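Have a look at the structure below before the remarks.
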Amino acid sequence: MDRGQQYRQMAARGKYQRLYTHLCGLATREWRATFSEIEAIIGFGLPASARLHRPWWSNQSGDNGHSQAMAWGAAGWETAEVDMEAETLLLRRSPAVSARRVTLDEVWPVHSAGGWPEDLGLRREALYEEGTKPFSCLWTPTC
């Protein structure tokens with residue numbers, strides 16, 4: 001797996017994964033947004049430093065950087081204009097990156113939940129038969 005794929009996987013599972021997913025889905029070359037719109041996308045408030053310090057919006061270079069910069073960088077975007085007073089941001093696609101669609105595995109990774117419980121049948125009646133475990137206990141080893 002190359003370094004770019006590793007960054008995309010980290011961004012797809014990180015704190016700003018919703019921003020990453022949103023940017024991967026855009027078909028435009030530029031996207032202008034308010035800080036409030038970004039908060040609505042990510043599902044939580046930006047830290048105070050995002051509104052107070054311009055460097056929070058800096059692009060990531062090399063192996064160092066912050067999770068928010070990794071999110072837009074891995075999606076192929078970079079910050080172009082940040083207006084701290086108006087709380088607006090312009091993101092542009094990185095010149096070397098073409099628009100790419102995020103895969104389902106990046107957004108919703110596959111995790112094994114283990115095997116099917118041995119005593120769980122496929123018949124509905126089996127759930128109500130005398131002597132069987134309560135339905136809620138089928139996956140809980142402590143019942």
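In the structure tokens, the first chain shown is A, the next is B, and so on; residue numbers restart at 1 for each chain, and ligands run from 1 in the order shown.
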
Find the spatial neighbours of Ala71 of chain A, counting only C-alpha atoms, within a cut-off of 9 Å - ignore same-chain residues fewer than 4 positions away - and output them as a list of chain:residue names.
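Listing them by chain and then by number gives A:Tyr7, A:Arg8, A:Met10, A:Ala11, A:Ala12, A:Gly14, A:Lys15, A:Tyr16, A:Gln17, A:Arg18, A:Leu19, A:Tyr20, A:Thr21, A:Leu23, A:His66, A:Ser67, A:Ala75, A:Gly76, A:Trp77.
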
Please, could you write that set of residues out with all heavy atoms as a compact mmCIF listing (two decimals), in the first residue's frame?
```txt
# COMPACT_ATOMS: atom_id res chain seq x y z
N TYR A 7 -2.74 7.55 3.79
CA TYR A 7 -3.32 8.81 4.23
C TYR A 7 -4.83 8.84 3.99
O TYR A 7 -5.59 9.31 4.82
CB TYR A 7 -2.68 10.00 3.52
CG TYR A 7 -1.36 10.42 4.12
CD1 TYR A 7 -0.23 10.55 3.34
CD2 TYR A 7 -1.24 10.71 5.48
CE1 TYR A 7 0.99 10.92 3.88
CE2 TYR A 7 -0.04 11.08 6.03
CZ TYR A 7 1.07 11.19 5.23
OH TYR A 7 2.25 11.57 5.78
N ARG A 8 -5.27 8.31 2.84
CA ARG A 8 -6.70 8.29 2.56
C ARG A 8 -7.45 7.40 3.56
O ARG A 8 -8.52 7.74 4.03
CB ARG A 8 -6.96 7.85 1.12
CG ARG A 8 -6.64 8.94 0.10
CD ARG A 8 -7.10 8.59 -1.29
NE ARG A 8 -6.39 7.46 -1.85
CZ ARG A 8 -5.20 7.53 -2.46
NH1 ARG A 8 -4.58 8.69 -2.56
NH2 ARG A 8 -4.63 6.45 -2.96
N MET A 10 -6.50 6.76 6.64
CA MET A 10 -6.51 7.45 7.92
C MET A 10 -7.56 8.56 7.92
O MET A 10 -8.29 8.75 8.89
CB MET A 10 -5.12 8.02 8.22
CG MET A 10 -4.11 6.95 8.59
SD MET A 10 -2.39 7.52 8.70
CE MET A 10 -2.49 8.95 9.72
N ALA A 11 -7.63 9.32 6.83
CA ALA A 11 -8.60 10.41 6.73
C ALA A 11 -10.03 9.88 6.71
O ALA A 11 -10.93 10.49 7.29
CB ALA A 11 -8.33 11.24 5.47
N ALA A 12 -10.24 8.73 6.07
CA ALA A 12 -11.57 8.15 5.98
C ALA A 12 -12.05 7.61 7.32
O ALA A 12 -13.25 7.39 7.50
CB ALA A 12 -11.59 7.03 4.95
N GLY A 14 -10.75 9.07 10.37
CA GLY A 14 -10.36 10.04 11.39
C GLY A 14 -11.50 10.94 11.85
O GLY A 14 -12.65 10.81 11.45
N LYS A 15 -11.13 11.87 12.68
CA LYS A 15 -12.09 12.80 13.28
C LYS A 15 -12.84 13.61 12.23
O LYS A 15 -14.02 13.90 12.37
CB LYS A 15 -11.32 13.74 14.22
CG LYS A 15 -12.19 14.75 14.92
CD LYS A 15 -11.36 15.59 15.89
CE LYS A 15 -12.24 16.57 16.63
NZ LYS A 15 -11.46 17.37 17.58
N TYR A 16 -12.16 13.97 11.15
CA TYR A 16 -12.77 14.79 10.10
C TYR A 16 -13.16 13.94 8.88
O TYR A 16 -13.19 14.43 7.76
CB TYR A 16 -11.81 15.92 9.71
CG TYR A 16 -11.63 16.90 10.84
CD1 TYR A 16 -10.59 16.77 11.75
CD2 TYR A 16 -12.53 17.94 11.01
CE1 TYR A 16 -10.44 17.66 12.80
CE2 TYR A 16 -12.38 18.83 12.06
CZ TYR A 16 -11.34 18.68 12.95
OH TYR A 16 -11.21 19.56 13.99
N GLN A 17 -13.52 12.68 9.11
CA GLN A 17 -13.88 11.78 8.00
C GLN A 17 -15.09 12.26 7.22
O GLN A 17 -15.19 12.05 6.03
CB GLN A 17 -14.06 10.34 8.50
CG GLN A 17 -15.21 10.11 9.44
CD GLN A 17 -16.49 9.71 8.74
OE1 GLN A 17 -16.48 9.31 7.58
NE2 GLN A 17 -17.60 9.86 9.43
N ARG A 18 -16.03 12.94 7.86
CA ARG A 18 -17.20 13.44 7.13
C ARG A 18 -16.81 14.54 6.15
O ARG A 18 -17.36 14.63 5.05
CB ARG A 18 -18.26 13.97 8.09
CG ARG A 18 -18.97 12.88 8.85
CD ARG A 18 -20.00 13.48 9.77
NE ARG A 18 -20.84 12.48 10.36
CZ ARG A 18 -21.86 12.74 11.13
NH1 ARG A 18 -22.19 13.99 11.40
NH2 ARG A 18 -22.58 11.77 11.64
N LEU A 19 -15.84 15.36 6.52
CA LEU A 19 -15.34 16.38 5.59
C LEU A 19 -14.63 15.71 4.44
O LEU A 19 -14.82 16.08 3.27
CB LEU A 19 -14.42 17.36 6.32
CG LEU A 19 -13.79 18.46 5.47
CD1 LEU A 19 -14.87 19.36 4.86
CD2 LEU A 19 -12.82 19.29 6.31
N TYR A 20 -13.82 14.72 4.73
CA TYR A 20 -13.12 13.96 3.70
C TYR A 20 -14.12 13.36 2.70
O TYR A 20 -13.98 13.51 1.49
CB TYR A 20 -12.28 12.86 4.35
CG TYR A 20 -11.73 11.84 3.40
CD1 TYR A 20 -10.59 12.11 2.64
CD2 TYR A 20 -12.33 10.60 3.23
CE1 TYR A 20 -10.08 11.17 1.75
CE2 TYR A 20 -11.83 9.66 2.36
CZ TYR A 20 -10.70 9.96 1.62
OH TYR A 20 -10.20 9.03 0.74
N THR A 21 -15.14 12.70 3.22
CA THR A 21 -16.15 12.07 2.37
C THR A 21 -16.89 13.10 1.53
O THR A 21 -17.13 12.89 0.34
CB THR A 21 -17.15 11.27 3.24
OG1 THR A 21 -16.41 10.32 4.02
CG2 THR A 21 -18.17 10.56 2.39
N LEU A 23 -15.83 16.08 0.54
CA LEU A 23 -14.94 16.61 -0.50
C LEU A 23 -14.70 15.60 -1.61
O LEU A 23 -14.62 15.96 -2.78
CB LEU A 23 -13.62 17.08 0.11
CG LEU A 23 -13.72 18.30 1.01
CD1 LEU A 23 -12.41 18.55 1.74
CD2 LEU A 23 -14.14 19.53 0.22
N HIS A 66 -2.01 18.20 10.66
CA HIS A 66 -3.11 17.95 11.58
C HIS A 66 -4.22 17.17 10.88
O HIS A 66 -4.28 17.11 9.66
CB HIS A 66 -3.65 19.29 12.12
CG HIS A 66 -2.62 20.03 12.91
ND1 HIS A 66 -2.30 19.69 14.19
CD2 HIS A 66 -1.84 21.08 12.58
CE1 HIS A 66 -1.36 20.51 14.64
NE2 HIS A 66 -1.06 21.36 13.68
N SER A 67 -5.11 16.60 11.68
CA SER A 67 -6.14 15.73 11.14
C SER A 67 -7.06 16.45 10.16
O SER A 67 -7.50 15.87 9.17
CB SER A 67 -6.95 15.09 12.26
OG SER A 67 -7.50 16.07 13.11
N ALA A 75 -8.27 14.00 0.34
CA ALA A 75 -9.38 14.04 -0.62
C ALA A 75 -8.99 14.76 -1.91
O ALA A 75 -9.76 14.79 -2.86
CB ALA A 75 -10.60 14.73 0.01
N GLY A 76 -7.79 15.34 -1.92
CA GLY A 76 -7.30 16.00 -3.13
C GLY A 76 -7.59 17.49 -3.18
O GLY A 76 -7.63 18.08 -4.26
N TRP A 77 -7.77 18.12 -2.03
CA TRP A 77 -8.09 19.54 -1.97
C TRP A 77 -7.04 20.27 -1.15
O TRP A 77 -6.30 19.67 -0.37
CB TRP A 77 -9.46 19.74 -1.32
CG TRP A 77 -10.59 19.19 -2.11
CD1 TRP A 77 -10.96 17.89 -2.23
CD2 TRP A 77 -11.50 19.93 -2.92
NE1 TRP A 77 -12.04 17.77 -3.06
CE2 TRP A 77 -12.41 19.01 -3.48
CE3 TRP A 77 -11.65 21.28 -3.21
CZ2 TRP A 77 -13.44 19.38 -4.32
CZ3 TRP A 77 -12.69 21.66 -4.04
CH2 TRP A 77 -13.56 20.73 -4.59
```

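Contact shell of Leu89 of chain A at 9 Å (only C-alpha atoms; same-chain neighbours under 3 positions omitted): Trp31, Arg32, Ala33, Thr34, Phe35, Trp57, Thr79, Ala80, Glu81, Val82, Asp83, Met84 and Ala86 of chain A.
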
Go ahead and dump the residues you just picked, C-alpha atoms, as an mmCIF file, in the first residue's frame.
```cif
data_model
loop_
_atom_site.group_PDB
_atom_site.id
_atom_site.type_symbol
_atom_site.label_atom_id
_atom_site.label_comp_id
_atom_site.auth_asym_id
_atom_site.auth_seq_id
_atom_site.Cartn_x
_atom_site.Cartn_y
_atom_site.Cartn_z
ATOM 1 C CA TRP A 31 -15.756 24.884 -3.049
ATOM 2 C CA ARG A 32 -16.532 27.940 -0.937
ATOM 3 C CA ALA A 33 -17.993 27.341 2.507
ATOM 4 C CA THR A 34 -18.549 29.064 5.810
ATOM 5 C CA PHE A 35 -17.107 27.705 9.011
ATOM 6 C CA TRP A 57 -6.336 26.132 8.019
ATOM 7 C CA THR A 79 -7.082 25.678 1.168
ATOM 8 C CA ALA A 80 -6.800 28.643 -1.167
ATOM 9 C CA GLU A 81 -8.447 31.545 0.671
ATOM 10 C CA VAL A 82 -9.362 31.849 4.323
ATOM 11 C CA ASP A 83 -11.212 34.923 5.561
ATOM 12 C CA MET A 84 -11.000 34.796 9.342
ATOM 13 C CA ALA A 86 -16.065 36.566 7.541
#
```

Can you tell me how far atom CA of Ser49 of chain A sits from atom CA of Glu30 of chain A, in Å to one decimal?
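Those two atoms sit 24.2 Å apart.
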
With distances taken over only C-alpha atoms, which residue among A:Arg29, A:Arg13, A:Trp72, A:Glu39 lies nearest Ser58 of chain A?
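Between A:Arg29, A:Arg13, A:Trp72, A:Glu39, the residue approaching Ser58 of chain A most closely is A:Trp72.
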
Computed interatomic separation between atom CA of Gly73 of chain A and atom CA of Ser94 of chain A (Å):
8.1 Å

Those in segment 52-93 of chain A with strand (DSSP E or B) from DSSP, as a ChimeraX atom specification:
/A:61,64,77-83,88-93

Take the residues from that selection and put them in a file with N, CA, C and O atoms, as a tab-separated table (two decimals), in the first residue's frame.
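Wrote again-v4.tsv, looks like this:
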```
chain	number	residue	atom	x	y	z
A	61	SER	N	1.94	19.35	4.70
A	61	SER	CA	3.04	19.05	3.79
A	61	SER	C	3.84	17.88	4.35
A	61	SER	O	4.17	17.84	5.54
A	64	ASN	N	3.98	15.52	8.25
A	64	ASN	CA	3.45	16.19	9.43
A	64	ASN	C	2.21	16.99	9.07
A	64	ASN	O	2.01	17.36	7.94
A	77	TRP	N	-7.77	18.12	-2.03
A	77	TRP	CA	-8.09	19.54	-1.97
A	77	TRP	C	-7.04	20.27	-1.15
A	77	TRP	O	-6.30	19.67	-0.37
A	78	GLU	N	-6.98	21.59	-1.33
A	78	GLU	CA	-6.12	22.44	-0.52
A	78	GLU	C	-6.82	23.77	-0.28
A	78	GLU	O	-7.65	24.20	-1.07
A	79	THR	N	-6.49	24.38	0.86
A	79	THR	CA	-7.08	25.68	1.17
A	79	THR	C	-6.45	26.72	0.26
A	79	THR	O	-5.25	26.71	0.02
A	80	ALA	N	-7.28	27.60	-0.27
A	80	ALA	CA	-6.80	28.64	-1.17
A	80	ALA	C	-7.00	30.02	-0.55
A	80	ALA	O	-6.12	30.88	-0.64
A	81	GLU	N	-8.14	30.26	0.04
A	81	GLU	CA	-8.45	31.55	0.67
A	81	GLU	C	-9.15	31.27	1.99
A	81	GLU	O	-10.07	30.47	2.05
A	82	VAL	N	-8.70	31.95	3.02
A	82	VAL	CA	-9.36	31.85	4.32
A	82	VAL	C	-9.60	33.27	4.81
A	82	VAL	O	-8.66	34.05	4.93
A	83	ASP	N	-10.85	33.61	5.03
A	83	ASP	CA	-11.21	34.92	5.56
A	83	ASP	C	-11.65	34.72	7.01
A	83	ASP	O	-12.76	34.28	7.28
A	88	THR	N	-15.08	32.41	6.29
A	88	THR	CA	-15.32	31.69	5.04
A	88	THR	C	-14.01	31.06	4.58
A	88	THR	O	-12.92	31.50	4.94
A	89	LEU	N	-14.15	30.07	3.74
A	89	LEU	CA	-13.01	29.30	3.27
A	89	LEU	C	-13.24	28.92	1.81
A	89	LEU	O	-14.36	28.57	1.43
A	90	LEU	N	-12.19	29.01	1.01
A	90	LEU	CA	-12.25	28.52	-0.36
A	90	LEU	C	-11.26	27.37	-0.46
A	90	LEU	O	-10.08	27.53	-0.16
A	91	LEU	N	-11.77	26.23	-0.88
A	91	LEU	CA	-10.92	25.06	-1.12
A	91	LEU	C	-10.87	24.82	-2.62
A	91	LEU	O	-11.88	24.98	-3.32
A	92	ARG	N	-9.69	24.46	-3.11
A	92	ARG	CA	-9.51	24.14	-4.53
A	92	ARG	C	-8.92	22.75	-4.64
A	92	ARG	O	-8.15	22.33	-3.79
A	93	ARG	N	-9.29	22.09	-5.72
A	93	ARG	CA	-8.68	20.78	-5.98
A	93	ARG	C	-7.19	20.97	-6.21
A	93	ARG	O	-6.78	21.89	-6.89
```

Report, in Å with one decimal, the straight-line distance from atom CA of Asn59 of chain A to atom CA of Ala74 of chain A.
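Separation between atom CA of Asn59 of chain A and atom CA of Ala74 of chain A: 10.7 Å.
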